[in-house]
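Listing of start-v2.txt; format and content: compact mmCIF, C-alpha atoms.
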# COMPACT_ATOMS: atom_id res chain seq x y z
CA MET T 1 71.07 118.27 96.75
CA THR T 2 70.07 121.96 96.83
CA ASN T 3 72.61 124.72 96.41
CA GLU T 4 72.20 125.64 100.07
CA GLU T 5 72.93 122.02 101.05
CA LYS T 6 76.00 122.08 98.82
CA LEU T 7 77.15 125.28 100.49
CA GLN T 8 76.88 123.51 103.85
CA LYS T 9 79.14 120.75 102.45
CA PHE T 10 81.67 123.43 101.48
CA LYS T 11 81.52 124.76 105.03
CA ALA T 12 82.27 121.23 106.20
CA LEU T 13 85.19 121.27 103.77
CA GLN T 14 86.38 124.50 105.41
CA GLU T 15 86.41 122.72 108.76
CA LEU T 16 88.38 119.85 107.28
CA ILE T 17 90.99 122.02 105.54
CA ASN T 18 91.50 124.26 108.55
CA GLY T 19 91.33 121.37 110.99
CA PRO T 20 92.38 117.72 110.70
CA GLU T 21 93.66 118.06 107.12
CA ALA T 22 95.51 121.33 107.69
CA ASP T 23 99.00 119.97 108.23
CA GLU T 24 99.05 117.78 105.14
CA PHE T 25 97.32 120.45 103.05
CA LEU T 26 99.68 123.23 104.09
CA ASN T 27 102.94 121.35 104.19
CA TYR T 28 102.71 118.44 101.77
CA TRP T 29 100.42 119.87 99.10
CA ASP T 30 101.95 123.37 99.38
CA GLY T 31 98.68 124.98 100.46
CA ARG T 32 100.68 127.42 102.60
CA PHE T 33 101.63 129.31 99.45
CA PHE T 34 98.07 129.76 98.24
CA THR T 35 96.36 133.08 98.84
CA GLY T 36 93.35 134.05 96.76
CA ASP T 37 90.14 132.72 95.27
CA MET T 38 89.51 129.14 94.20
CA THR T 39 86.18 128.44 92.55
CA PHE T 40 84.43 125.14 91.95
CA ILE T 41 81.42 125.43 89.65
CA MET T 42 78.82 122.71 90.05
CA ASP T 43 76.04 122.70 87.46
CA ASN T 44 76.61 126.38 86.62
CA VAL T 45 76.61 127.44 90.27
CA PRO T 46 79.96 128.88 91.44
CA PHE T 47 81.09 128.02 94.95
CA ASN T 48 83.91 130.43 95.70
CA MET T 49 86.49 129.77 98.39
CA PHE T 50 88.90 132.44 99.59
CA PHE T 51 92.22 131.32 101.13
CA TYR T 52 94.89 133.22 103.03
CA LYS T 53 98.19 131.31 103.15
CA GLY T 54 96.31 128.04 102.87
CA LYS T 55 93.67 128.80 105.46
CA MET T 56 90.15 128.83 104.04
CA ILE T 57 88.72 132.16 105.21
CA ASP T 58 85.37 132.14 103.49
CA VAL T 59 83.12 130.29 101.07
CA PHE T 60 80.06 131.69 99.30
CA ILE T 61 77.91 131.18 96.24
CA GLY T 62 78.94 133.61 93.53
CA GLN T 63 81.76 134.69 91.30
CA PRO T 64 84.89 136.21 92.85
CA SER T 65 84.86 139.98 92.52
CA ASN T 66 88.08 140.09 90.50
CA GLY T 67 87.11 137.27 88.13
CA TYR T 68 88.09 133.64 88.24
CA ASN T 69 91.57 133.01 89.63
CA VAL T 70 91.81 129.21 89.62
CA GLY T 71 89.36 126.34 89.82
CA ILE T 72 87.30 123.88 87.83
CA SER T 73 83.82 123.69 86.39
CA GLY T 74 81.63 120.68 85.67
CA ASP T 75 78.08 119.43 85.64
CA ALA T 76 76.56 116.92 88.07
CA GLU T 77 77.65 113.97 85.96
CA GLN T 78 81.26 115.16 85.91
CA TRP T 79 81.34 115.85 89.64
CA ASN T 80 79.72 112.50 90.44
CA ALA T 81 82.33 110.73 88.33
CA PHE T 82 85.09 112.58 90.17
CA PHE T 83 83.56 111.86 93.57
CA GLU T 84 83.67 108.19 92.59
CA HIS T 85 87.31 107.90 91.37
CA ARG T 86 88.79 111.02 93.08
CA ASN T 87 91.59 111.21 90.54
CA PHE T 88 92.02 114.92 89.80
CA GLN T 89 94.55 114.33 87.03
CA LEU T 90 92.19 112.01 85.18
CA ALA T 91 89.26 114.39 85.71
CA THR T 92 91.17 117.28 84.13
CA SER T 93 93.01 115.45 81.34
CA VAL T 94 91.67 116.49 77.97
CA LYS T 95 93.44 113.47 76.47
CA HIS T 96 92.25 110.76 78.85
CA CYS T 97 88.81 111.84 80.04
CA ASP T 98 85.77 111.95 77.74
CA ARG T 99 84.29 114.86 79.66
CA PRO T 100 87.04 116.63 81.61
CA PHE T 101 86.43 119.51 83.98
CA THR T 102 86.95 122.96 82.50
CA ASN T 103 89.66 125.05 84.11
CA LEU T 104 88.74 128.47 85.50
CA GLY T 105 91.36 131.20 85.22
CA SER T 106 94.61 131.07 83.29
CA ALA T 107 96.37 127.85 82.30
CA LEU T 108 99.49 129.13 84.08
CA ALA T 109 97.72 129.85 87.37
CA ASN T 110 96.10 126.42 87.33
CA ARG T 111 99.42 124.77 86.52
CA GLN T 112 101.21 126.66 89.31
CA ASN T 113 98.60 125.57 91.82
CA ASN T 114 97.85 122.13 90.39
CA ALA T 115 98.66 120.20 93.56
CA VAL T 116 96.74 122.60 95.80
CA ILE T 117 93.61 122.51 93.65
CA ALA T 118 93.83 118.74 93.36
CA GLN T 119 93.92 118.32 97.12
CA VAL T 120 91.02 120.76 97.67
CA ALA T 121 89.03 118.80 95.08
CA ARG T 122 89.77 115.49 96.83
CA LEU T 123 88.80 116.95 100.19
CA THR T 124 85.62 118.30 98.60
CA ALA T 125 84.80 114.73 97.61
CA LYS T 126 85.43 113.70 101.21
CA ALA T 127 83.19 116.48 102.56
CA PHE T 128 80.40 115.66 100.13
CA CYS T 129 80.46 111.87 100.26
CA ASP T 130 82.19 110.40 103.31
CA MET V 1 127.64 96.38 92.45
CA ILE V 2 126.60 99.40 90.45
CA THR V 3 129.43 101.48 89.03
CA SER V 4 129.42 104.44 86.70
CA ARG V 5 131.56 106.23 84.14
CA TYR V 6 131.35 108.91 81.49
CA VAL V 7 131.57 108.40 77.74
CA SER V 8 131.51 110.93 74.94
CA VAL V 9 128.76 110.42 72.37
CA ASN V 10 128.51 112.83 69.45
CA GLY V 11 130.54 115.29 71.51
CA VAL V 12 128.22 115.09 74.53
CA THR V 13 129.43 113.75 77.88
CA ILE V 14 127.06 110.96 78.87
CA PHE V 15 126.74 109.32 82.29
CA VAL V 16 126.55 105.51 82.15
CA GLU V 17 125.83 103.01 84.91
CA THR V 18 126.19 99.24 84.92
CA ASN V 19 125.44 96.55 87.49
CA ASN V 20 128.55 94.68 86.29
CA GLY V 21 126.42 91.59 85.76
CA PRO V 22 127.52 88.75 83.46
CA ARG V 23 127.64 90.22 79.94
CA GLU V 24 127.86 86.75 78.41
CA GLU V 25 124.26 86.20 79.54
CA GLY V 26 123.16 89.33 77.73
CA VAL V 27 123.02 93.10 78.06
CA MET V 28 119.83 94.76 79.18
CA CYS V 29 119.55 98.47 78.39
CA CYS V 30 117.05 100.53 80.34
CA PHE V 31 115.16 103.65 79.26
CA GLY V 32 113.33 105.80 81.75
CA SER V 33 110.22 107.91 81.87
CA ALA V 34 110.11 111.56 80.81
CA GLY V 35 112.52 113.80 82.68
CA ARG V 36 114.03 111.09 84.87
CA GLU V 37 117.46 109.54 85.24
CA THR V 38 119.25 106.23 85.70
CA ARG V 39 118.35 105.69 89.34
CA GLN V 40 114.90 104.58 88.18
CA PHE V 41 116.58 101.24 87.43
CA HIS V 42 118.78 100.73 90.48
CA GLY V 43 116.34 98.27 92.02
CA MET V 44 116.34 96.14 88.88
CA MET V 45 120.12 96.44 88.53
CA ASP V 46 120.48 94.98 92.01
CA ALA V 47 117.86 92.29 91.43
CA LEU V 48 119.55 91.13 88.22
CA GLU V 49 123.21 91.46 89.16
CA ASP V 50 123.83 87.71 88.95
CA LYS V 51 121.71 87.23 85.83
CA LEU V 52 122.55 89.86 83.20
CA GLU V 53 124.54 93.00 82.68
CA VAL V 54 122.09 95.87 83.14
CA ILE V 55 123.06 99.26 81.74
CA ALA V 56 121.34 102.61 82.05
CA PHE V 57 122.53 106.00 80.86
CA ASP V 58 121.30 109.54 81.21
CA MET V 59 120.20 111.18 77.98
CA PRO V 60 121.65 114.65 77.24
CA GLY V 61 120.63 117.13 79.94
CA HIS V 62 119.23 114.41 82.24
CA GLY V 63 120.76 113.46 85.56
CA LYS V 64 124.55 113.68 85.34
CA SER V 65 124.80 113.97 81.53
CA TRP V 66 125.69 117.23 79.85
CA PRO V 67 123.07 119.01 77.75
CA LEU V 68 123.49 119.63 74.03
CA GLU V 69 125.22 122.76 72.79
CA GLY V 70 123.11 125.83 73.58
CA LEU V 71 121.80 124.16 76.75
CA LYS V 72 119.28 122.17 74.73
CA CYS V 73 117.85 118.68 74.93
CA LEU V 74 116.75 116.23 72.29
CA ASP V 75 113.10 117.05 71.66
CA THR V 76 111.96 114.86 68.78
CA PRO V 77 111.34 111.10 68.82
CA THR V 78 113.79 110.43 66.00
CA SER V 79 116.68 112.49 67.38
CA TYR V 80 116.14 110.99 70.85
CA CYS V 81 116.08 107.38 69.67
CA GLU V 82 118.92 107.78 67.17
CA PHE V 83 121.06 109.18 69.97
CA ILE V 84 120.40 105.99 71.94
CA ILE V 85 121.60 103.94 68.98
CA ASP V 86 124.75 106.07 68.90
CA VAL V 87 125.29 105.28 72.59
CA PHE V 88 124.92 101.55 71.82
CA LYS V 89 127.64 101.88 69.21
CA GLU V 90 129.91 103.83 71.55
CA LEU V 91 129.49 101.18 74.25
CA ASN V 92 129.84 98.28 71.79
CA ILE V 93 126.44 96.96 72.76
CA GLU V 94 125.14 94.37 70.33
CA ASN V 95 121.81 92.61 70.40
CA PRO V 96 120.58 94.30 73.62
CA ILE V 97 117.46 93.48 75.53
CA CYS V 98 115.76 96.89 75.52
CA ILE V 99 113.44 97.68 78.39
CA GLY V 100 111.73 100.96 79.11
CA CYS V 101 109.04 102.62 81.14
CA ALA V 102 106.53 105.22 79.85
CA LEU V 103 108.58 107.32 77.39
CA GLY V 104 111.20 104.58 77.62
CA GLY V 105 108.47 102.06 76.83
CA ASN V 106 107.75 103.94 73.62
CA VAL V 107 111.43 104.15 72.75
CA CYS V 108 111.74 100.34 72.80
CA PHE V 109 109.42 100.11 69.80
CA TYR V 110 111.54 102.53 67.76
CA LEU V 111 114.74 100.71 68.69
CA ALA V 112 113.32 97.33 67.65
CA GLN V 113 112.35 98.87 64.32
CA HIS V 114 115.79 100.35 63.63
CA TYR V 115 118.44 98.30 65.48
CA PRO V 116 119.04 94.56 65.96
CA VAL V 117 117.76 93.77 69.44
CA ARG V 118 117.34 90.49 71.30
CA ALA V 119 114.01 91.42 72.84
CA ILE V 120 112.00 94.41 74.02
CA VAL V 121 110.00 95.01 77.17
CA SER V 122 107.69 98.00 76.99
CA MET V 123 106.19 99.07 80.31
CA ALA V 124 103.44 101.71 80.22
CA GLY V 125 104.55 102.36 76.67
CA THR V 126 102.77 102.84 73.40
CA ASP V 127 103.61 103.41 69.75
CA TYR V 128 101.49 106.58 69.56
CA SER V 129 101.18 109.07 72.40
CA PRO V 130 99.78 112.50 71.54
CA PHE V 131 98.38 112.67 75.09
CA VAL V 132 99.75 115.91 76.53
CA SER V 133 97.69 119.08 76.21
CA GLN V 134 99.38 122.24 74.98
CA ALA V 135 98.46 124.09 78.18
CA VAL V 136 100.53 121.58 80.14
CA ILE V 137 103.45 121.58 77.69
CA ASP V 138 103.65 125.39 77.61
CA ASN V 139 104.03 125.58 81.36
CA LEU V 140 106.53 122.74 81.93
CA ASP V 141 109.45 125.14 81.55
CA HIS V 142 107.73 128.39 82.44
CA PRO V 143 109.76 130.71 84.69
CA TYR V 144 106.74 131.12 86.98
CA ALA V 145 105.92 127.42 87.26
CA SER V 146 108.14 124.87 89.01
CA VAL V 147 107.73 121.42 87.49
CA GLN V 148 108.81 119.87 90.79
CA HIS V 149 105.63 121.28 92.31
CA THR V 150 103.23 121.45 89.38
CA HIS V 151 103.77 117.78 88.47
CA ILE V 152 103.81 116.20 91.91
CA ASP V 153 100.11 115.31 92.02
CA PHE V 154 100.31 113.87 88.51
CA THR V 155 103.17 111.60 89.56
CA ASP V 156 101.43 110.69 92.81
CA SER V 157 98.35 109.65 90.84
CA LEU V 158 100.44 107.24 88.80
CA ILE V 159 101.87 105.15 91.66
CA GLY V 160 100.23 101.80 92.28
CA SER V 161 98.20 100.82 95.32
CA ASN V 162 100.59 98.04 96.44
CA VAL V 163 103.82 100.04 96.21
CA SER V 164 105.94 100.24 99.36
CA LYS V 165 106.41 103.60 101.08
CA GLU V 166 110.13 103.51 100.33
CA ASN V 167 109.57 102.97 96.61
CA ARG V 168 106.73 105.51 96.52
CA ASP V 169 108.91 108.14 98.19
CA PHE V 170 111.75 107.64 95.72
CA ILE V 171 109.36 107.93 92.75
CA LEU V 172 108.13 111.23 94.20
CA TRP V 173 111.74 112.31 94.79
CA GLY V 174 112.19 111.74 91.08
CA VAL V 175 109.70 114.46 90.18
CA MET V 176 111.08 116.70 92.92
CA THR V 177 114.47 116.64 91.19
CA GLU V 178 113.33 117.16 87.60
CA ILE V 179 114.55 119.94 85.34
CA GLY V 180 111.82 121.92 83.57
CA ARG V 181 113.69 122.19 80.29
CA VAL V 182 114.34 118.45 80.19
CA LYS V 183 110.75 117.65 81.07
CA ARG V 184 109.42 119.88 78.34
CA ALA V 185 111.69 118.30 75.73
CA ASP V 186 110.87 114.75 76.82
CA TYR V 187 107.20 115.04 77.58
CA GLY V 188 106.10 117.79 75.24
CA GLY V 189 108.44 116.91 72.35
CA VAL V 190 109.53 113.28 72.32
CA TYR V 191 106.53 111.67 74.05
CA ASN V 192 103.78 113.87 72.67
CA GLY V 193 105.22 113.64 69.14
CA PHE V 194 105.78 109.89 69.28
CA ASP V 195 104.19 107.92 66.44
CA VAL V 196 105.86 104.76 65.14
CA ARG V 197 102.67 102.89 64.24
CA GLU V 198 103.62 102.58 60.56
CA ASP V 199 106.72 100.51 61.28
CA MET V 200 105.39 98.24 64.02
CA LYS V 201 105.21 95.38 61.51
CA LYS V 202 109.03 95.56 61.26
CA ILE V 203 109.34 94.31 64.83
CA THR V 204 110.16 90.61 64.73
CA CYS V 205 111.97 90.12 68.04
CA PRO V 206 110.27 88.80 71.20
CA ALA V 207 108.18 91.55 72.78
CA LEU V 208 106.70 91.84 76.25
CA VAL V 209 104.17 94.60 76.91
CA ILE V 210 103.47 95.29 80.58
CA ARG V 211 100.63 97.36 81.95
CA GLY V 212 100.19 98.26 85.60
CA ALA V 213 96.55 97.60 86.42
CA ASP V 214 96.33 100.87 88.39
CA ASP V 215 97.66 102.99 85.52
CA TRP V 216 94.88 105.36 84.45
CA SER V 217 97.06 107.00 81.80
CA GLU V 218 97.63 103.82 79.77
CA SER V 219 94.33 102.02 79.60
CA GLU V 220 93.64 98.47 78.45
CA GLU V 221 91.92 99.91 75.39
CA MET V 222 95.02 101.90 74.47
CA HIS V 223 97.17 98.78 74.52
CA LYS V 224 94.94 96.64 72.30
CA PRO V 225 95.88 98.29 68.98
CA VAL V 226 99.55 98.28 70.00
CA LEU V 227 99.41 94.53 70.51
CA GLU V 228 97.63 94.07 67.19
CA ARG V 229 100.37 96.03 65.43
CA LEU V 230 103.02 93.77 66.99
CA SER V 231 101.76 90.93 64.81
CA ASN V 232 105.21 89.98 63.47
CA SER V 233 106.86 89.58 66.87
CA SER V 234 108.33 86.09 67.23
CA HIS V 235 106.98 85.83 70.77
CA LEU V 236 104.44 88.35 72.04
CA GLU V 237 103.33 88.53 75.66
CA TYR V 238 101.02 90.98 77.39
CA GLN V 239 100.88 91.14 81.16
CA VAL V 240 98.68 93.26 83.39
CA LEU V 241 100.18 93.46 86.86
CA PRO V 242 97.89 94.21 89.80
CA GLY V 243 98.82 96.79 92.43
CA ILE V 244 101.27 98.68 90.28
CA SER V 245 100.73 101.58 87.94
CA HIS V 246 103.03 103.62 85.72
CA TYR V 247 106.56 103.52 87.16
CA ASN V 248 106.93 99.74 86.99
CA PRO V 249 110.71 99.33 87.46
CA GLN V 250 110.64 101.48 90.60
CA GLU V 251 107.32 100.29 91.96
CA ASP V 252 108.35 96.64 92.26
CA PRO V 253 111.80 95.99 90.78
CA GLU V 254 111.98 92.39 91.92
CA LEU V 255 108.60 91.49 90.46
CA ILE V 256 109.41 93.19 87.17
CA SER V 257 112.81 91.52 87.01
CA ASN V 258 111.27 88.08 87.56
CA VAL V 259 108.55 88.72 84.97
CA ILE V 260 111.19 89.71 82.42
CA LEU V 261 113.44 86.73 83.16
CA LYS V 262 110.53 84.34 82.72
CA PHE V 263 109.52 86.07 79.49
CA LEU V 264 113.07 85.72 78.11
CA LYS V 265 113.20 82.07 79.10
CA ASP V 266 109.87 81.33 77.42
CA ALA V 267 110.67 83.38 74.33
CA GLU V 268 114.03 81.70 73.81
CA ALA V 269 113.06 78.13 74.78
Please lay out the structure from this file as structure tokens.
Amino acid sequence: MTNEEKLQKFKALQELINGPEADEFLNYWDGRFFTGDMTFIMDNVPFNMFFYKGKMIDVFIGQPSNGYNVGISGDAEQWNAFFEHRNFQLATSVKHCDRPFTNLGSALANRQNNAVIAQVARLTAKAFCD
Amino acid sequence: MITSRYVSVNGVTIFVETNNGPREEGVMCCFGSAGRETRQFHGMMDALEDKLEVIAFDMPGHGKSWPLEGLKCLDTPTSYCEFIIDVFKELNIENPICIGCALGGNVCFYLAQHYPVRAIVSMAGTDYSPFVSQAVIDNLDHPYASVQHTHIDFTDSLIGSNVSKENRDFILWGVMTEIGRVKRADYGGVYNGFDVREDMKKITCPALVIRGADDWSESEEMHKPVLERLSNSSHLEYQVLPGISHYNPQEDPELISNVILKFLKDAEA
């Protein structure tokens, strides 16, 4: 998949998060509290999403202008493994996963937003694979 | 019927629950997962009320028990487990069947090494668990991070595929009512520092090790060396239960109760 094709998948993710998945994302996974950048790096290419109170406003290829806020980074093998099992906690556990994703931003920011990032990652899997 | 009372142990007021089951058939003592409290075992207490007396108590700072002086919790494996032994003595509990889940599953191994027990049942437990990263530990009791929110996806990921909505919801309610300071002591201190591998050969009582097949945090491979180190157990069983994961006593209390009763019957035949 080219980077442009991946970007189209992220735009499909935007439709999902702002559409049929919005209620669960905002109200169960606490997405309503999330404002700012969330970046998923796939094979060294950063896909940056900007949210305002849980609504995904924009997605583009590139680093956020103020540096990484929260997110994860992995290569194709890591993302494919995640797309298969869709267990964010396993994919980020340095003690249980041979090749965990790398966190972007501070440990505290990622911890604070753990549930939100996990749900965006799962919906990314849905947008890419289902 | 479940009833409760308070007892003083080493100067700390401790909340104790019992199902008032027949003590002459044995006393089963239950130990919960990191940060949780006695209600994890209510389902099993009900299921076993005609079979055994089932007792659960909140460790200092958990649930309805008072914290230690200075608003602290027990945060080392030895201090945590020795406190349990002190509770046994206070409650005149002899030869208990010790069962536990996750952190409580670990604790059972220590107890069987240091106190006369009738049998142990370790669910999602291990004798060595340095599994928590420092980045997670540091933020469990951070003023800017609420464990009730930061840990919810972790808990959700550890509930089995066959668990009823009612049981799933109450497991999630468990994390929603956790205290950051308690969680940090339990998970970052007691669980992450737990290592009783050296003394596993001292365990001679019957031992049942249960793994939920959906539990990604306690893999089959992680249990193999634990089972090997239980080589002196008089009756060792290992069961992998499909459809459940990490919070066994809450996920399917009736199934777990029946599995344990059968294990005791076989072990003591």
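Here CA of Lys265 (chain V) stands at a distance of 11.1 Å from CA of His235 (chain V).
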Would you give me, as a PyMOL selection string, the residues of chain T that come within 9 Å of chain V, using only C-alpha atoms? chain T and resi 29-30+87-90+93-96+107-116+118-119
Show which residues sit within 7 Å of Pro64 (chain T), as a VMD selection string. Count all atoms listed in the file, and ignore same-chain residues fewer than 4 positions away. chain T and resid 37 48 68
Residue nearest Ala267 (chain V) among V:Gly61, V:Pro249, V:Pro206, V:Gly243 (counting only C-alpha atoms):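 So, comparing all the options, the nearest one is V:Pro206.
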In Å to one decimal, how far is CA of Val196 (chain V) from CA of Met222 (chain V)?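 One can read the CA of Met222 (chain V) to CA of Val196 (chain V) distance as 14.6 Å.
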Residues within 10 Å of Ile93 (chain V), please, as a VMD selection string. Count only C-alpha atoms; anything in the same chain fewer than 3 positions from it doesn't count. chain V and resid 23 26 to 29 55 85 87 to 90 96 117
Would you list the contacts of Ile17 (chain T) as a ChimeraX atom specification, taking every protein, DNA or RNA residue within 9 Å and counting only C-alpha atoms, but skipping same-chain residues closer than 5 positions in sequence? /T:12,22-23,25-26,54-56,120,123
Write a file of the just-selected residues containing C-alpha atoms, as a PDB file, in the coordinates of the input.
ATOM      1  CA  ALA T  12      82.270 121.230 106.200  1.00  0.00           C
ATOM      2  CA  ALA T  22      95.510 121.330 107.690  1.00  0.00           C
ATOM      3  CA  ASP T  23      99.000 119.970 108.230  1.00  0.00           C
ATOM      4  CA  PHE T  25      97.320 120.450 103.050  1.00  0.00           C
ATOM      5  CA  LEU T  26      99.680 123.230 104.090  1.00  0.00           C
ATOM      6  CA  GLY T  54      96.310 128.040 102.870  1.00  0.00           C
ATOM      7  CA  LYS T  55      93.670 128.800 105.460  1.00  0.00           C
ATOM      8  CA  MET T  56      90.150 128.830 104.040  1.00  0.00           C
ATOM      9  CA  VAL T 120      91.020 120.760  97.670  1.00  0.00           C
ATOM     10  CA  LEU T 123      88.800 116.950 100.190  1.00  0.00           C
TER      11      LEU T 123
END
Skipping near chain neighbours, those fewer than 3 positions away, what residues fall within 10 Å of Phe47 (chain T) using only C-alpha atoms, listed as a PyMOL selection string? chain T and resi 3+6-7+10+38-42+44+59-64+71+73
Expressed in Å to a single decimal, how great is the separation between CA of Met44 (chain V) and CA of Cys101 (chain V)?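 The value is 12.5 Å.
Within 10 Å of Tyr52 (chain T), once only C-alpha atoms are used and residues closer than 3 positions along the same chain are dropped, the contacting residues are Gly31, Arg32, Phe33, Phe34, Thr35, Gly36, Asp37, Lys55, Met56, Ile57 and Asp58 of chain T.
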So which residues fall inside 10 Å of (81.2, 120.1, 103.0) if we count only C-alpha atoms? Mind giving them as a PyMOL selection string? chain T and resi 5-16+123-130
Got time to write the residues from that selection, C-alpha atoms, as a short mmCIF file (atom, residue, chain, number, x, y, z; two decimals), in the frame of the given file?
data_model
loop_
_atom_site.label_atom_id
_atom_site.label_comp_id
_atom_site.auth_asym_id
_atom_site.auth_seq_id
_atom_site.Cartn_x
_atom_site.Cartn_y
_atom_site.Cartn_z
CA GLU T 5 72.93 122.02 101.05
CA LYS T 6 76.00 122.08 98.82
CA LEU T 7 77.15 125.28 100.49
CA GLN T 8 76.88 123.51 103.85
CA LYS T 9 79.14 120.75 102.45
CA PHE T 10 81.67 123.43 101.48
CA LYS T 11 81.52 124.76 105.03
CA ALA T 12 82.27 121.23 106.20
CA LEU T 13 85.19 121.27 103.77
CA GLN T 14 86.38 124.50 105.41
CA GLU T 15 86.41 122.72 108.76
CA LEU T 16 88.38 119.85 107.28
CA LEU T 123 88.80 116.95 100.19
CA THR T 124 85.62 118.30 98.60
CA ALA T 125 84.80 114.73 97.61
CA LYS T 126 85.43 113.70 101.21
CA ALA T 127 83.19 116.48 102.56
CA PHE T 128 80.40 115.66 100.13
CA CYS T 129 80.46 111.87 100.26
CA ASP T 130 82.19 110.40 103.31
#
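Remark: for Tyr28 (chain T), the closest of the candidate residues V:Met59, V:Cys205, V:Leu172, V:Val226 is V:Leu172 (distances computed over all atoms listed in the file).
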Minimum-distance residue to Ile72 (chain T), chosen among T:Cys97, T:Leu104, T:Ala91, T:Val45 (using all atoms listed in the file):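 Closest candidate: T:Leu104.
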Using all atoms of region 171-178 of chain V that appear in the file, construct an axis-aligned enclosing box with 4 Å of padding on every side and provide its centre coordinates and edge lengths in Å, rounded to one decimal, as JSON.
{"center_x": 111.3, "center_y": 112.5, "center_z": 91.2, "size_x": 14.3, "size_y": 17.2, "size_z": 15.2}
